[in-house]
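Below is work-v9.txt, which holds compact mmCIF, C-alpha atoms.
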```
# COMPACT_ATOMS: atom_id res chain seq x y z
CA MET R 492 0.00 0.00 0.00
CA GLN R 493 0.95 3.59 -0.43
CA VAL R 494 0.50 6.51 1.98
CA ARG R 495 1.19 10.16 1.48
CA THR R 496 3.15 11.81 4.29
CA LEU R 497 3.06 15.58 4.80
CA LEU R 498 5.96 17.48 6.36
CA PHE R 499 5.68 20.91 7.98
CA ALA R 500 7.78 23.73 9.39
CA GLN R 501 11.25 22.61 10.54
CA LEU R 502 10.62 19.07 9.21
CA ARG R 503 9.75 20.47 5.79
CA GLU R 504 12.84 22.69 5.78
CA ALA R 505 15.17 19.97 7.11
CA SER R 506 14.02 17.46 4.51
CA GLY R 507 13.63 19.93 1.67
CA ARG R 508 10.16 18.57 0.82
CA SER R 509 6.58 19.09 1.92
CA SER R 510 5.32 15.58 1.15
CA VAL R 511 6.65 12.07 0.57
CA GLU R 512 4.91 9.04 -0.96
CA VAL R 513 5.83 5.91 0.99
CA GLN R 514 5.27 2.25 0.00
CA LEU R 515 4.46 0.01 2.97
CA ALA R 516 3.58 -3.65 3.50
CA GLU R 517 -0.05 -4.45 4.26
CA GLY R 518 -0.74 -4.23 8.00
CA SER R 519 1.87 -1.53 8.59
CA THR R 520 1.45 0.92 11.47
CA VAL R 521 2.46 4.52 12.08
CA GLU R 522 5.61 3.17 13.73
CA ASP R 523 6.54 1.27 10.54
CA LEU R 524 5.98 4.39 8.45
CA LEU R 525 8.27 6.43 10.72
CA ALA R 526 11.01 3.78 10.38
CA SER R 527 10.73 3.90 6.60
CA LEU R 528 10.80 7.70 6.57
CA GLU R 529 13.87 7.82 8.78
CA SER R 530 15.76 5.60 6.40
CA MET R 531 14.64 7.75 3.44
CA ILE R 532 15.32 11.07 5.25
CA PRO R 533 17.99 10.59 7.93
CA SER R 534 17.52 14.10 9.35
CA LEU R 535 14.07 13.05 10.61
CA ALA R 536 15.54 10.62 13.14
CA ALA R 537 16.73 13.33 15.53
CA VAL R 538 13.35 15.03 15.76
CA ALA R 539 11.09 11.97 15.63
CA PRO R 540 10.67 11.58 19.43
CA ALA R 541 9.10 15.06 19.68
CA THR R 542 6.97 14.56 16.57
CA ALA R 543 3.28 13.75 16.73
CA VAL R 544 1.51 11.96 13.90
CA ALA R 545 -1.88 12.59 12.35
CA VAL R 546 -3.69 10.12 10.13
CA ASN R 547 -6.42 11.55 7.92
CA GLN R 548 -6.32 14.85 9.82
CA ALA R 549 -6.69 13.45 13.34
CA TYR R 550 -3.98 12.68 15.89
CA ALA R 551 -3.03 8.98 15.93
CA GLU R 552 -1.01 6.61 18.10
CA ARG R 553 2.27 5.04 16.96
CA THR R 554 0.46 1.70 17.00
CA SER R 555 -2.38 2.87 14.74
CA PRO R 556 -2.75 0.74 11.59
CA LEU R 557 -2.50 2.44 8.20
CA ALA R 558 -4.50 1.83 5.04
CA ASP R 559 -3.79 2.45 1.37
CA GLY R 560 -4.37 6.07 0.48
CA ASP R 561 -4.13 7.42 4.02
CA GLU R 562 -2.99 11.00 4.45
CA VAL R 563 -0.38 11.00 7.20
CA ALA R 564 1.25 14.11 8.64
CA LEU R 565 4.29 14.52 10.85
CA ILE R 566 3.48 17.25 13.36
CA PRO R 567 6.47 18.92 15.02
CA PRO R 568 5.79 20.79 18.30
CA VAL R 569 2.91 23.19 17.60
CA ALA R 570 2.73 26.93 18.28
CA GLY R 571 -0.69 28.17 17.19
CA GLY R 572 -2.55 31.16 18.58
CA MET Y 269 -24.26 70.04 60.53
CA GLN Y 270 -26.06 69.30 57.32
CA VAL Y 271 -25.56 66.37 54.93
CA ARG Y 272 -27.14 65.75 51.57
CA THR Y 273 -28.52 62.23 51.13
CA LEU Y 274 -29.11 60.79 47.68
CA LEU Y 275 -31.79 58.19 47.01
CA PHE Y 276 -31.82 55.84 44.02
CA ALA Y 277 -34.01 53.32 42.22
CA GLN Y 278 -36.70 51.79 44.46
CA LEU Y 279 -35.70 54.10 47.36
CA ARG Y 280 -36.15 57.12 45.12
CA GLU Y 281 -39.51 55.87 43.91
CA ALA Y 282 -40.75 54.81 47.36
CA SER Y 283 -39.86 58.16 48.89
CA GLY Y 284 -40.81 60.27 45.90
CA ARG Y 285 -37.53 62.20 46.07
CA SER Y 286 -33.99 61.79 44.81
CA SER Y 287 -32.24 63.71 47.59
CA VAL Y 288 -32.91 64.88 51.14
CA GLU Y 289 -31.07 67.51 53.19
CA VAL Y 290 -30.72 66.31 56.79
CA GLN Y 291 -29.68 68.29 59.86
CA LEU Y 292 -27.60 66.27 62.33
CA ALA Y 293 -25.86 66.91 65.64
CA GLU Y 294 -22.08 67.21 65.54
CA GLY Y 295 -20.44 63.79 65.87
CA SER Y 296 -23.29 61.95 64.16
CA THR Y 297 -22.60 58.71 62.33
CA VAL Y 298 -24.14 56.97 59.33
CA GLU Y 299 -26.36 55.08 61.79
CA ASP Y 300 -27.68 58.36 63.18
CA LEU Y 301 -28.43 59.62 59.71
CA LEU Y 302 -30.38 56.47 58.89
CA ALA Y 303 -32.46 56.86 62.05
CA SER Y 304 -33.28 60.46 61.11
CA LEU Y 305 -34.16 59.47 57.56
CA GLU Y 306 -36.45 56.69 58.74
CA SER Y 307 -38.41 59.09 60.90
CA MET Y 308 -38.66 61.55 57.96
CA ILE Y 309 -39.51 58.84 55.41
CA PRO Y 310 -41.14 55.85 57.13
CA SER Y 311 -41.05 53.72 53.96
CA LEU Y 312 -37.24 53.54 54.26
CA ALA Y 313 -37.37 51.45 57.45
CA ALA Y 314 -38.42 48.26 55.69
CA VAL Y 315 -35.55 48.35 53.21
CA ALA Y 316 -32.82 49.77 55.45
CA PRO Y 317 -31.28 46.40 56.44
CA ALA Y 318 -30.48 45.62 52.78
CA THR Y 319 -29.26 49.14 52.06
CA ALA Y 320 -25.57 50.01 51.83
CA VAL Y 321 -24.33 53.53 52.45
CA ALA Y 322 -21.73 55.57 50.62
CA VAL Y 323 -20.12 58.70 52.01
CA ASN Y 324 -18.48 61.00 49.47
CA GLN Y 325 -18.76 58.33 46.78
CA ALA Y 326 -17.13 55.45 48.68
CA TYR Y 327 -18.81 52.67 50.67
CA ALA Y 328 -18.88 53.39 54.40
CA GLU Y 329 -19.68 51.53 57.62
CA ARG Y 330 -22.72 52.29 59.77
CA THR Y 331 -20.30 53.51 62.42
CA SER Y 332 -18.52 55.95 60.09
CA PRO Y 333 -18.60 59.56 61.36
CA LEU Y 334 -20.17 62.24 59.17
CA ALA Y 335 -19.03 65.81 58.56
CA ASP Y 336 -20.85 68.93 57.46
CA GLY Y 337 -21.34 68.97 53.69
CA ASP Y 338 -20.84 65.23 53.19
CA GLU Y 339 -22.57 63.65 50.22
CA VAL Y 340 -24.22 60.49 51.50
CA ALA Y 341 -26.03 57.97 49.30
CA LEU Y 342 -28.34 55.12 50.21
CA ILE Y 343 -27.48 52.22 47.93
CA PRO Y 344 -30.17 49.58 47.50
CA PRO Y 345 -29.02 46.17 46.21
CA VAL Y 346 -27.02 46.81 43.03
CA ALA Y 347 -27.48 45.24 39.60
CA GLY Y 348 -24.85 46.68 37.26
CA GLY Y 349 -23.41 44.99 34.23
CA MET T 245 -4.01 53.97 34.77
CA GLY T 246 -6.91 52.50 32.81
CA THR T 247 -9.98 54.56 32.07
CA ALA T 248 -13.67 54.42 32.94
CA LEU T 249 -16.68 56.00 31.30
CA VAL T 250 -20.40 56.25 32.08
CA THR T 251 -22.46 57.19 29.07
CA GLY T 252 -25.99 57.60 27.84
CA ASP T 253 -24.89 56.99 24.26
CA PRO T 254 -24.78 53.59 22.52
CA ILE T 255 -21.54 51.68 23.18
CA ARG T 256 -19.64 50.68 20.04
CA SER T 257 -17.33 47.71 20.43
CA GLY T 258 -14.77 49.10 17.98
CA ASP T 259 -14.40 52.30 19.99
CA VAL T 260 -13.84 50.33 23.18
CA LEU T 261 -11.26 48.03 21.56
CA GLY T 262 -9.46 51.08 20.21
CA ARG T 263 -8.73 52.22 23.77
CA VAL T 264 -6.45 49.26 24.54
CA GLY T 265 -3.67 47.42 22.72
CA ASP T 266 0.03 48.07 22.46
CA ASP T 267 2.94 46.65 20.46
CA ARG T 268 4.00 44.83 23.63
CA ASP T 269 0.63 43.06 23.96
CA GLY T 270 -0.13 39.63 22.55
CA ALA T 271 -3.62 39.33 24.07
CA VAL T 272 -6.69 41.53 23.80
CA LEU T 273 -9.96 40.60 25.50
CA LEU T 274 -13.29 42.36 25.07
CA PHE T 275 -16.30 41.52 27.20
CA LEU T 276 -19.70 42.91 26.23
CA GLY T 277 -22.75 42.73 28.46
CA VAL T 278 -25.87 42.83 26.33
CA VAL T 279 -29.57 43.24 27.18
CA ARG T 280 -31.14 39.83 26.64
CA ASP T 281 -34.74 38.99 25.90
CA HIS T 282 -35.45 37.05 29.09
CA HIS T 283 -34.66 37.00 32.80
CA GLU T 284 -35.62 34.32 35.29
CA GLY T 285 -38.07 32.80 32.84
CA ARG T 286 -39.89 36.02 31.92
CA PRO T 287 -39.64 37.77 28.54
CA VAL T 288 -37.90 41.16 28.63
CA THR T 289 -38.28 43.95 26.07
CA GLY T 290 -35.72 46.33 27.52
CA ILE T 291 -33.94 47.60 30.62
CA THR T 292 -33.63 51.09 32.08
CA TYR T 293 -30.32 51.58 33.89
CA GLU T 294 -30.11 54.13 36.70
CA ALA T 295 -26.69 55.01 38.12
CA TYR T 296 -25.12 57.06 40.87
CA GLU T 297 -22.87 58.42 38.18
CA GLY T 298 -20.18 60.18 40.20
CA MET T 299 -19.67 57.15 42.40
CA VAL T 300 -19.82 54.74 39.46
CA ARG T 301 -16.83 56.53 37.96
CA ALA T 302 -15.00 56.57 41.32
CA GLU T 303 -15.77 52.91 42.02
CA LEU T 304 -14.78 51.86 38.48
CA GLU T 305 -11.45 53.62 38.96
CA ARG T 306 -10.91 51.66 42.17
CA ILE T 307 -11.85 48.40 40.43
CA ILE T 308 -9.51 49.21 37.55
CA ALA T 309 -6.63 49.94 39.94
CA GLU T 310 -7.21 46.54 41.56
CA ALA T 311 -7.41 44.80 38.16
CA GLU T 312 -4.10 46.36 37.11
CA GLU T 313 -2.45 44.34 39.89
CA ILE T 314 -3.55 41.24 37.97
CA LEU T 315 -3.09 42.61 34.46
CA THR T 316 0.45 44.00 34.91
CA THR T 317 -0.47 46.69 32.35
CA ASP T 318 -2.60 49.85 32.51
CA ARG T 319 -4.34 48.96 29.25
CA ILE T 320 -7.89 48.60 30.47
CA HIS T 321 -11.02 50.51 29.53
CA VAL T 322 -14.49 50.13 30.99
CA VAL T 323 -17.72 51.73 29.76
CA HIS T 324 -21.14 51.42 31.40
CA ARG T 325 -24.27 52.62 29.67
CA VAL T 326 -27.17 54.29 31.48
CA GLY T 327 -30.71 55.14 30.38
CA ASP T 328 -33.21 53.18 28.31
CA LEU T 329 -31.78 50.14 26.49
CA GLU T 330 -33.43 47.69 24.12
CA VAL T 331 -32.74 43.97 23.70
CA GLY T 332 -29.35 43.60 21.98
CA ASP T 333 -27.96 46.93 23.25
CA ILE T 334 -24.58 46.80 24.98
CA SER T 335 -24.89 47.74 28.68
CA VAL T 336 -21.25 47.31 29.68
CA ALA T 337 -17.94 46.83 27.86
CA VAL T 338 -14.60 45.83 29.37
CA ALA T 339 -11.48 45.81 27.19
CA VAL T 340 -8.03 44.77 28.40
CA SER T 341 -4.73 44.02 26.72
CA SER T 342 -1.54 42.49 28.06
CA PRO T 343 1.55 40.63 26.88
CA HIS T 344 0.06 37.21 27.76
CA ARG T 345 -3.48 35.85 27.77
CA ASP T 346 -3.71 34.48 31.30
CA GLU T 347 -3.69 37.87 32.99
CA ALA T 348 -6.06 39.29 30.37
CA TYR T 349 -8.70 36.64 31.13
CA ARG T 350 -8.25 36.98 34.88
CA ALA T 351 -8.32 40.79 34.92
CA SER T 352 -11.38 40.97 32.64
CA ARG T 353 -13.24 38.50 34.81
CA TYR T 354 -12.24 40.34 37.97
CA VAL T 355 -13.61 43.61 36.63
CA MET T 356 -16.93 42.02 35.65
CA GLU T 357 -17.38 40.26 39.01
CA GLU T 358 -16.65 43.48 40.90
CA ILE T 359 -19.00 45.49 38.67
CA LYS T 360 -21.80 43.07 39.53
CA ARG T 361 -20.86 43.07 43.21
CA ARG T 362 -20.44 46.75 44.00
CA LEU T 363 -21.12 49.23 41.18
CA PRO T 364 -24.00 51.53 42.26
CA ILE T 365 -26.24 50.84 39.28
CA TRP T 366 -29.81 49.60 39.22
CA LYS T 367 -31.90 48.18 36.46
CA LYS T 368 -35.60 48.20 35.84
CA GLU T 369 -36.80 45.53 33.44
CA ARG T 370 -39.61 46.15 31.00
CA HIS T 371 -41.91 43.29 29.97
CA PRO T 372 -44.15 42.77 26.92
CA ASP T 373 -47.29 43.27 29.05
CA GLY T 374 -46.15 46.79 29.93
CA ALA T 375 -45.14 45.89 33.49
CA SER T 376 -41.72 46.86 34.79
CA GLU T 377 -39.85 46.31 38.04
CA TRP T 378 -36.46 46.74 39.65
CA VAL T 379 -34.25 43.70 39.30
CA SER T 380 -33.33 42.23 42.66
CA GLY T 381 -29.63 42.81 43.15
CA VAL T 382 -26.68 42.26 45.44
CA VAL T 383 -26.17 44.08 48.75
CA PRO T 384 -22.77 45.68 48.22
CA GLY T 385 -22.13 46.51 51.86
CA ALA T 386 -22.20 42.89 52.97
CA ASP T 387 -18.45 42.34 52.73
CA LEU T 388 -17.03 45.80 52.12
CA MET U 1138 -22.48 24.13 15.62
CA GLY U 1139 -20.00 26.98 15.80
CA THR U 1140 -17.76 27.80 12.87
CA ALA U 1141 -14.04 27.80 12.15
CA LEU U 1142 -12.01 29.58 9.51
CA VAL U 1143 -8.38 29.58 8.41
CA THR U 1144 -7.48 32.62 6.35
CA GLY U 1145 -4.61 34.43 4.74
CA ASP U 1146 -6.50 37.73 4.91
CA PRO U 1147 -6.35 40.22 7.79
CA ILE U 1148 -8.78 39.41 10.61
CA ARG U 1149 -11.20 42.21 11.44
CA SER U 1150 -12.61 42.13 14.97
CA GLY U 1151 -15.99 43.52 13.88
CA ASP U 1152 -16.46 40.69 11.38
CA VAL U 1153 -15.69 38.09 14.03
CA LEU U 1154 -18.05 39.66 16.59
CA GLY U 1155 -20.76 39.74 13.94
CA ARG U 1156 -20.70 35.93 13.78
CA VAL U 1157 -21.99 35.50 17.34
CA GLY U 1158 -24.70 37.09 19.47
CA ASP U 1159 -28.39 36.38 19.84
CA ASP U 1160 -31.35 37.99 21.58
CA ARG U 1161 -31.06 35.25 24.21
CA ASP U 1162 -27.44 36.14 25.01
CA GLY U 1163 -26.38 38.53 27.75
CA ALA U 1164 -22.62 37.95 27.36
CA VAL U 1165 -20.29 38.29 24.39
CA LEU U 1166 -16.56 37.64 24.70
CA LEU U 1167 -13.94 38.31 22.04
CA PHE U 1168 -10.35 37.16 22.43
CA LEU U 1169 -7.74 38.45 19.98
CA GLY U 1170 -4.24 37.05 19.75
CA VAL U 1171 -1.91 39.71 18.36
CA VAL U 1172 1.69 39.59 17.12
CA ARG U 1173 3.75 41.34 19.79
CA ASP U 1174 7.10 43.04 19.43
CA HIS U 1175 9.06 40.70 21.69
CA HIS U 1176 9.37 37.04 22.69
CA GLU U 1177 11.54 35.61 25.43
CA GLY U 1178 13.49 38.83 25.70
CA ARG U 1179 14.21 39.26 21.98
CA PRO U 1180 12.68 41.92 19.74
CA VAL U 1181 10.34 40.57 17.06
CA THR U 1182 9.38 42.34 13.82
CA GLY U 1183 6.87 39.79 12.57
CA ILE U 1184 5.78 36.16 12.49
CA THR U 1185 5.13 33.80 9.60
CA TYR U 1186 2.42 31.25 10.39
CA GLU U 1187 2.42 27.90 8.63
CA ALA U 1188 -0.56 25.58 9.02
CA TYR U 1189 -1.72 22.11 8.09
CA GLU U 1190 -4.86 23.81 6.90
CA GLY U 1191 -7.18 20.86 6.39
CA MET U 1192 -6.41 19.48 9.81
CA VAL U 1193 -6.56 22.91 11.45
CA ARG U 1194 -10.15 23.21 10.30
CA ALA U 1195 -10.96 19.64 11.43
CA GLU U 1196 -9.24 20.12 14.81
CA LEU U 1197 -10.90 23.49 15.36
CA GLU U 1198 -14.27 21.88 14.73
CA ARG U 1199 -13.47 19.25 17.36
CA ILE U 1200 -12.36 21.95 19.83
CA ILE U 1201 -15.53 23.95 19.12
CA ALA U 1202 -17.71 20.89 19.72
CA GLU U 1203 -15.97 20.38 23.07
CA ALA U 1204 -16.35 24.07 23.97
CA GLU U 1205 -20.08 23.95 23.22
CA GLU U 1206 -20.42 21.50 26.12
CA ILE U 1207 -19.24 24.35 28.36
CA LEU U 1208 -20.96 27.20 26.51
CA THR U 1209 -24.44 25.63 26.24
CA THR U 1210 -24.88 27.56 22.97
CA ASP U 1211 -23.54 27.03 19.45
CA ARG U 1212 -22.60 30.69 19.14
CA ILE U 1213 -18.87 30.42 18.74
CA HIS U 1214 -16.62 31.47 15.88
CA VAL U 1215 -12.86 30.94 15.57
CA VAL U 1216 -10.53 32.37 12.93
CA HIS U 1217 -6.82 31.66 12.60
CA ARG U 1218 -4.63 33.66 10.28
CA VAL U 1219 -1.78 32.14 8.25
CA GLY U 1220 1.06 33.70 6.26
CA ASP U 1221 3.24 36.72 7.00
CA LEU U 1222 2.07 38.90 9.88
CA GLU U 1223 3.50 42.13 11.26
CA VAL U 1224 3.53 43.38 14.86
CA GLY U 1225 -0.02 44.34 15.81
CA ASP U 1226 -1.70 41.99 13.33
CA ILE U 1227 -4.36 39.65 14.71
CA SER U 1228 -3.27 36.00 14.49
CA VAL U 1229 -6.29 34.38 16.11
CA ALA U 1230 -9.78 35.50 17.09
CA VAL U 1231 -12.28 33.62 19.27
CA ALA U 1232 -15.80 35.00 19.72
CA VAL U 1233 -18.46 33.39 21.89
CA SER U 1234 -21.85 34.45 23.18
CA SER U 1235 -24.14 32.91 25.76
CA PRO U 1236 -26.96 33.84 28.14
CA HIS U 1237 -24.58 34.24 31.11
CA ARG U 1238 -20.97 35.35 31.41
CA ASP U 1239 -19.47 32.44 33.34
CA GLU U 1240 -19.77 29.96 30.48
CA ALA U 1241 -18.57 32.57 27.97
CA TYR U 1242 -15.32 33.12 29.88
CA ARG U 1243 -14.78 29.41 30.45
CA ALA U 1244 -15.51 28.38 26.85
CA SER U 1245 -13.33 31.13 25.38
CA ARG U 1246 -10.45 30.15 27.62
CA TYR U 1247 -10.92 26.47 26.80
CA VAL U 1248 -10.71 27.16 23.07
CA MET U 1249 -7.53 29.22 23.45
CA GLU U 1250 -5.80 26.62 25.65
CA GLU U 1251 -6.66 23.84 23.19
CA ILE U 1252 -5.52 25.92 20.22
CA LYS U 1253 -2.13 26.33 21.90
CA ARG U 1254 -1.99 22.68 22.88
CA ARG U 1255 -2.97 20.90 19.70
CA LEU U 1256 -3.65 23.02 16.61
CA PRO U 1257 -1.17 22.02 13.87
CA ILE U 1258 0.24 25.49 13.30
CA TRP U 1259 3.83 26.63 13.46
CA LYS U 1260 5.36 30.07 13.67
CA LYS U 1261 8.65 31.45 12.51
CA GLU U 1262 9.69 34.67 14.21
CA ARG U 1263 11.52 37.42 12.38
CA HIS U 1264 14.01 39.62 14.21
CA PRO U 1265 15.37 43.11 13.47
CA ASP U 1266 18.79 41.66 12.54
CA GLY U 1267 17.19 39.65 9.73
CA ALA U 1268 17.43 36.33 11.55
CA SER U 1269 14.38 34.10 11.85
CA GLU U 1270 13.64 30.80 13.53
CA TRP U 1271 10.82 28.44 14.38
CA VAL U 1272 9.30 29.09 17.78
CA SER U 1273 9.70 26.11 20.09
CA GLY U 1274 6.27 24.68 20.67
CA VAL U 1275 4.25 22.04 22.44
CA VAL U 1276 4.30 18.33 21.54
CA PRO U 1277 0.61 17.69 20.87
CA GLY U 1278 0.82 13.92 20.95
CA ALA U 1279 2.00 13.81 24.54
CA ASP U 1280 -1.45 13.36 26.08
CA LEU U 1281 -3.71 12.68 23.09
```
Step by step, read the file and then write its structure as structure tokens.
Amino acid sequence: MQVRTLLFAQLREASGRSSVEVQLAEGSTVEDLLASLESMIPSLAAVAPATAVAVNQAYAERTSPLADGDEVALIPPVAGG
Amino acid sequence: MQVRTLLFAQLREASGRSSVEVQLAEGSTVEDLLASLESMIPSLAAVAPATAVAVNQAYAERTSPLADGDEVALIPPVAGG
Amino acid sequence: MGTALVTGDPIRSGDVLGRVGDDRDGAVLLFLGVVRDHHEGRPVTGITYEAYEGMVRAELERIIAEAEEILTTDRIHVVHRVGDLEVGDISVAVAVSSPHRDEAYRASRYVMEEIKRRLPIWKKERHPDGASEWVSGVVPGADL
Amino acid sequence: MGTALVTGDPIRSGDVLGRVGDDRDGAVLLFLGVVRDHHEGRPVTGITYEAYEGMVRAELERIIAEAEEILTTDRIHVVHRVGDLEVGDISVAVAVSSPHRDEAYRASRYVMEEIKRRLPIWKKERHPDGASEWVSGVVPGADL
């Protein structure tokens, strides 16, 4: 399956891209996606512990399962308002 | 000495007047003024317990002394805002 | 020192907001009290506000001085309307601004609670059947 | 249900206030977040806001639904600005109205705290020396 991963703010700047298409095995979780991304974009590894993840525009756990076509976003520490 | 006493809202309506000049003995207190007013305007007696008093535009105690020319106000329960 | 106003003219929110704010401030809070169409289950068509105007100004200045202890700025403006108001008219407006939001919320709330507790203002409600009566209020002397 | 907006256009307080209010409501509260000229001791000339816009709208709608439990009305409107802002520009506006003031204060505050805690928005501060950096924020996943 394939999921689209959005990158924002310092993650977007550090990686030089605002989205990445990632191929994953069926049954993969958010955790598996993060591992794949870190191998594709090594600079993500340092910030991953402080990064939240959203799946289809809602916050998700690392153990959440993913499905083909999901929109995933890596959310660095937020500063709205 | 003479003090001017202002009446508002239901006190003004019940007494039919918005201010009363009251003659008091030297050394009189707010309590003395209230007693004089109640004899002048009997309808005040019923509401006096729930009435606050201001002297020169600040809340005062019943025991506060009065001076010639003071502006006193009887303040029925307030409902600003 | 913040400022206080008692007025017989309609209160405009933009005017009140314009009295606070500063390049140092990240938070602006505006509270508006508005005449509503009901009170304690009865329909209301309007309210007449009567005030001891000189003391209202003096008491508002005292309340503002106390609120500035919370706010840490002097950017506070309070307006209270008097006279005949209709449903939807603004009766009171409190604007504050400060570097951070916590003190803005707390100072605004403090001003409103103290206004209700001790400002010498009275209101007479008007009802659709033509009746009107003074709204039962709070005895301000109780703890002052 | 209240409404949420993400916009690149300047926020006007009068427009936001116009989205709430009702004859049943005696309290209106408007919070404005404004770009201030300093942060953690450093001068600031402006802030660039970046947002995950689709999720900001979705998350704001969730926050509004939660706030309506406090407010007891659906009269709530939230706008968040994105893009390049200068000192004094409004970054966020929260308007609520309700019959009584207590729920208005509590709902407004709730919305602002949740915006800070979990809205996927990031800000890059600009300084007079030309430097700029991302403001350190809050990890939203920590307790969600």
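When only C-alpha atoms are used to measure the gap to Val340 of chain Y, the shortest distance among Y:Ala316, Y:Leu302, Y:Ala282, Y:Ala277 belongs to Y:Leu302.
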Test item: residues at most 10 Å from segment 508-512 of chain R, only C-alpha atoms, excluding those fewer than 5 positions along its chain, as a ChimeraX atom specification: /R:493-500,502-503,528,531-532,560,562-565
Using 12 Å as the limit and counting only C-alpha atoms, can you tabulate each residue of chain T that touches chain R, with its shortest atom-to-atom distance in Å and the two atoms involved, as CSV?
```
residue,atom,partner,partner_atom,distance
T:Gly270,CA,R:Gly572,CA,9.7
T:Ala271,CA,R:Gly572,CA,9.9
T:His344,CA,R:Gly572,CA,11.3
T:Arg345,CA,R:Gly572,CA,10.4
```
Interatomic distance (Å, one decimal) between atom CA of Asp559 of chain R and atom CA of Val546 of chain R: 11.6 Å
Within 9 Å of chain T: residues of chain U, using only C-alpha atoms, as a PyMOL selection string: chain U and resi 1150-1151+1154+1158-1175+1224-1225+1227+1236+1238-1239+1242+1246+1249
Pro1265 of chain U surroundings by all atoms listed in the file, 10 Å radius, close-in-sequence under 6 positions cut, as a list in words: Arg1179, Pro1180, Val1181, Thr1182 and Gly1183 of chain U
